[in-house]
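Student: mmCIF, C-alpha atoms, file data-v3.cif:
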data_input
loop_
_atom_site.label_atom_id
_atom_site.label_comp_id
_atom_site.auth_asym_id
_atom_site.auth_seq_id
_atom_site.Cartn_x
_atom_site.Cartn_y
_atom_site.Cartn_z
CA MET A 21 79.39 -35.65 53.17
CA GLU A 22 79.65 -34.09 56.65
CA VAL A 23 82.11 -36.81 57.69
CA VAL A 24 84.25 -36.07 54.63
CA HIS A 25 84.38 -32.39 55.56
CA GLY A 26 85.30 -33.38 59.12
CA SER A 27 88.12 -35.58 57.82
CA ILE A 28 89.41 -32.73 55.65
CA ALA A 29 89.28 -30.40 58.66
CA ALA A 30 91.21 -32.98 60.74
CA LEU A 31 93.81 -33.25 57.97
CA ALA A 32 94.20 -29.44 57.93
CA GLU A 33 94.50 -29.35 61.73
CA GLN A 34 97.13 -32.11 61.67
CA ALA A 35 99.03 -30.17 59.00
CA ARG A 36 99.10 -27.02 61.14
CA ALA A 37 100.27 -28.97 64.18
CA SER A 38 103.13 -30.56 62.19
CA HIS A 39 104.15 -27.32 60.42
CA THR A 40 102.98 -28.68 57.09
CA GLU A 41 101.59 -26.33 54.45
CA ILE A 42 98.31 -27.27 52.79
CA VAL A 43 98.87 -26.35 49.15
CA GLU A 44 95.58 -27.63 47.75
CA ILE A 45 92.40 -29.32 48.94
CA ASP A 46 89.92 -30.42 46.30
CA PRO A 47 86.35 -31.49 47.09
CA PRO A 48 84.84 -34.55 45.37
CA SER A 49 83.74 -32.54 42.36
CA ARG A 50 87.36 -31.56 41.60
CA ALA A 51 89.24 -34.54 43.08
CA SER A 52 88.52 -37.07 40.30
CA ARG A 53 91.40 -38.14 38.09
CA TYR A 54 91.07 -39.75 34.66
CA PHE A 55 93.70 -41.98 33.09
CA PRO A 56 94.10 -44.46 30.24
CA HIS A 57 94.51 -48.13 31.08
CA ARG A 58 94.55 -50.89 28.48
CA GLU A 59 93.24 -48.55 25.79
CA ARG A 60 90.23 -47.43 27.85
CA LEU A 61 89.63 -44.33 29.95
CA HIS A 62 89.29 -45.05 33.69
CA SER A 63 88.95 -42.82 36.74
CA VAL A 64 89.45 -42.59 40.47
CA GLN A 65 86.67 -40.72 42.26
CA PRO A 66 87.89 -39.90 45.78
CA ASP A 67 86.00 -38.00 48.43
CA ALA A 68 88.77 -35.37 48.40
CA PHE A 69 92.33 -34.70 47.25
CA ALA A 70 95.00 -32.80 49.17
CA MET A 71 98.49 -31.61 48.34
CA ARG A 72 100.68 -30.83 51.35
CA ARG A 73 104.24 -29.56 51.56
CA ARG A 74 106.69 -29.88 54.44
CA GLY A 75 110.27 -28.73 54.21
CA GLY A 76 109.81 -28.06 50.50
CA LYS A 77 108.80 -31.68 49.85
CA PRO A 78 105.31 -32.11 48.31
CA ARG A 79 103.00 -34.92 49.42
CA ALA A 80 99.78 -35.77 47.63
CA CYS A 81 96.91 -37.83 48.99
CA PHE A 82 93.44 -38.96 48.07
CA LEU A 83 90.89 -39.21 50.87
CA GLU A 84 88.31 -41.99 50.89
CA TRP A 85 85.72 -42.32 53.60
CA GLU A 86 84.55 -45.92 53.39
CA TYR A 87 80.91 -45.76 54.33
CA ARG A 88 79.80 -47.17 50.96
CA ALA A 89 81.98 -50.25 50.73
CA VAL A 90 80.37 -52.68 53.13
CA HIS A 91 81.05 -55.99 51.36
CA LEU A 92 84.46 -57.16 50.12
CA ALA A 93 83.29 -57.15 46.51
CA THR A 94 82.18 -53.51 46.87
CA LYS A 95 85.49 -52.64 48.51
CA ALA A 96 87.38 -54.24 45.64
CA VAL A 97 85.40 -52.16 43.15
CA ARG A 98 86.45 -49.00 45.06
CA LEU A 99 90.08 -50.12 45.40
CA ASP A 100 90.91 -51.43 41.93
CA PRO A 101 90.83 -48.06 40.12
CA TYR A 102 93.40 -46.70 42.60
CA LEU A 103 95.68 -49.67 41.97
CA ARG A 104 95.44 -49.11 38.21
CA TYR A 105 96.04 -45.38 38.63
CA CYS A 106 99.03 -45.80 40.96
CA ALA A 107 100.53 -48.45 38.68
CA SER A 108 100.53 -46.00 35.77
CA GLN A 109 102.72 -42.98 35.07
CA ARG A 110 99.70 -40.70 35.46
CA PRO A 111 100.03 -39.88 39.20
CA THR A 112 103.44 -38.27 38.77
CA ASP A 113 102.22 -36.56 35.59
CA ASP A 114 99.25 -35.14 37.53
CA HIS A 115 100.98 -34.27 40.82
CA THR A 116 104.79 -34.56 40.32
CA VAL A 117 104.77 -37.05 43.21
CA GLN A 118 103.13 -40.43 43.77
CA PRO A 119 100.02 -39.85 45.93
CA VAL A 120 98.92 -42.10 48.77
CA VAL A 121 95.34 -43.03 49.56
CA LEU A 122 94.07 -42.22 53.05
CA VAL A 123 91.05 -44.33 53.92
CA VAL A 124 88.88 -43.39 56.89
CA PHE A 125 86.73 -46.09 58.49
CA SER A 126 83.85 -45.87 60.90
CA ASP A 127 84.95 -49.00 62.78
CA GLU A 128 88.03 -51.15 63.30
CA HIS A 129 86.40 -54.32 61.96
CA ALA A 130 85.83 -52.74 58.54
CA ALA A 131 89.39 -51.36 58.53
CA HIS A 132 90.84 -54.80 59.29
CA HIS A 133 88.99 -56.45 56.39
CA PHE A 134 89.82 -53.62 54.00
CA LEU A 135 93.56 -53.77 54.86
CA ARG A 136 93.56 -57.50 54.19
CA LEU A 137 91.95 -56.85 50.80
CA VAL A 138 94.51 -54.10 50.06
CA ARG A 139 97.40 -56.48 50.80
CA GLU A 140 95.91 -59.14 48.49
CA ARG A 141 95.26 -56.66 45.67
CA ILE A 142 98.72 -55.07 45.94
CA ALA A 143 100.36 -58.51 45.82
CA ARG A 144 98.30 -59.35 42.75
CA THR A 145 99.21 -56.03 41.12
CA ARG A 146 102.90 -56.64 41.80
CA ARG A 147 102.67 -60.12 40.29
CA ALA A 148 100.99 -58.62 37.23
CA SER A 149 103.74 -55.99 36.95
CA ARG A 150 106.35 -58.75 36.74
CA CYS A 151 104.40 -60.01 33.75
CA GLY A 152 104.49 -56.56 32.14
CA SER A 153 100.89 -55.55 32.83
CA SER A 154 101.75 -52.53 34.96
CA ARG A 155 104.68 -50.15 35.15
CA ASN A 156 105.52 -49.92 38.82
CA GLY A 157 103.32 -52.44 40.60
CA GLY A 158 101.31 -49.92 42.58
CA ALA A 159 104.29 -48.32 44.29
CA GLY A 160 102.10 -45.39 45.33
CA TRP A 161 100.43 -47.42 48.03
CA ALA A 162 101.87 -47.37 51.47
CA GLU A 163 102.11 -50.79 53.04
CA ALA A 164 98.80 -51.68 54.63
CA ARG A 165 98.99 -52.12 58.38
CA SER A 166 96.21 -52.97 60.77
#
Would it be possible to restate this file's structure as structure tokens?

Tutor:
Amino acid sequence: MEVVHGSIAALAEQARASHTEIVEIDPPSRASRYFPHRERLHSVQPDAFAMRRRGGKPRACFLEWEYRAVHLATKAVRLDPYLRYCASQRPTDDHTVQPVVLVVFSDEHAAHHFLRLVRERIARTRRASRCGSSRNGGAGWAEARS
């Protein structure tokens, strides 16, 4: 949890340096979001949530510190709820803007493998959206770059 607090502090410091207002920072206990998907209730359970504003434009983000997801299967379990959430109308209902997910890694090797998984899952979500399974194909995700 100490690393999560450090990441939140770094986010706040970055905001000050870039003249960005921090509107809201929610700890894990308040950062969870619940949403319906295929007639069932699902959730995203981030380590934190932040709403920032710069030049009057709001920006929302979830923070995930990936110390738990060591294996690709575990990473997929952590990632899939975000893809479902971002592919729904719920993010804009909750925040008025589509949030991004900021993932913090302890090493570059883990980040590389996670970004590859993100690319594969986003492509799959977009293919599913063309078949009518999702509304916007996960448009809330920034393109994964290593």

Student: Considering all atoms listed in the file, state which residue in the set A:Pro56, A:Ser49, A:Arg36, A:Leu122 is at the smallest distance from A:Gln109.

Tutor: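 Answer, going by the shortest atom-to-atom distance: A:Pro56.
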
Student: Given only C-alpha atoms as the basis, pick out the residue of A:Ala130, A:Arg141, A:Ser52, A:Ala70 nearest to A:Leu31.

Tutor: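 When distances to A:Leu31 are compared using only C-alpha atoms, the smallest one comes from A:Ala70.
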
Student: Name the residues, using the chain letters and numbers of the file, that sit within 10 Å of (94.9, -47.7, 38.5) when counting all atoms listed in the file, and give them as a ChimeraX atom specification.

Tutor: /A:54-57,62-64,99-111,145,154,157-158

Student: Calculated over only C-alpha atoms, which of the candidates A:Ala29, A:Arg98, A:Ile42, A:Glu128 has the smallest distance to A:Cys81?

Tutor: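 Between A:Ala29, A:Arg98, A:Ile42, A:Glu128, the residue approaching A:Cys81 most closely is A:Ile42.
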
Student: A:Ile45: which residues within 10 Å, counting all atoms listed in the file, same-chain residues fewer than 5 positions away excluded, as JSON, numbers by chain?

Tutor: {"A": [28, 31, 32, 50, 51, 68, 69, 70, 71, 72, 80, 81, 82]}

Student: Which residues would end up in the selection if the PyMOL selection byres ((chain A and resi 77) around 12) were applied here, given that I need the answer as number ranges by chain?

Tutor: A: 40-43, 71-76, 78-80, 116-117

Student: Using atom CA of A:Pro66 and atom CA of A:Val23 as the two end points, give the distance in Å to one decimal.

Tutor: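 Atom-to-atom, atom CA of A:Pro66 to atom CA of A:Val23, that is 13.6 Å.
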
Student: Would you work out the distance separating atom CA of A:Trp85 from atom CA of A:Val123, expressed in Å to one decimal?

Tutor: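 Here the two named atoms are 5.7 Å from each other.
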
Student: Rounded to one decimal in Å, what is the spacing between atom CA of A:His39 and atom CA of A:His25?

Tutor: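 Going from atom CA of A:His39 over to atom CA of A:His25 covers 21.0 Å.
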
Student: As a VMD selection string, please: the residues near A:Ala96 (cut-off 12 Å, only C-alpha atoms, same-chain neighbours under 5 positions excluded).

Tutor: chain A and resid 86 88 to 91 101 to 103 133 to 142

Student: For each of A:Ala30, A:Ala131, A:Gln118, A:Arg53, take the minimum atom-to-atom distance to A:Lys95, counting only C-alpha atoms, then give the residue where this is smallest.

Tutor: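 For A:Lys95, the nearest of the candidates is A:Ala131.
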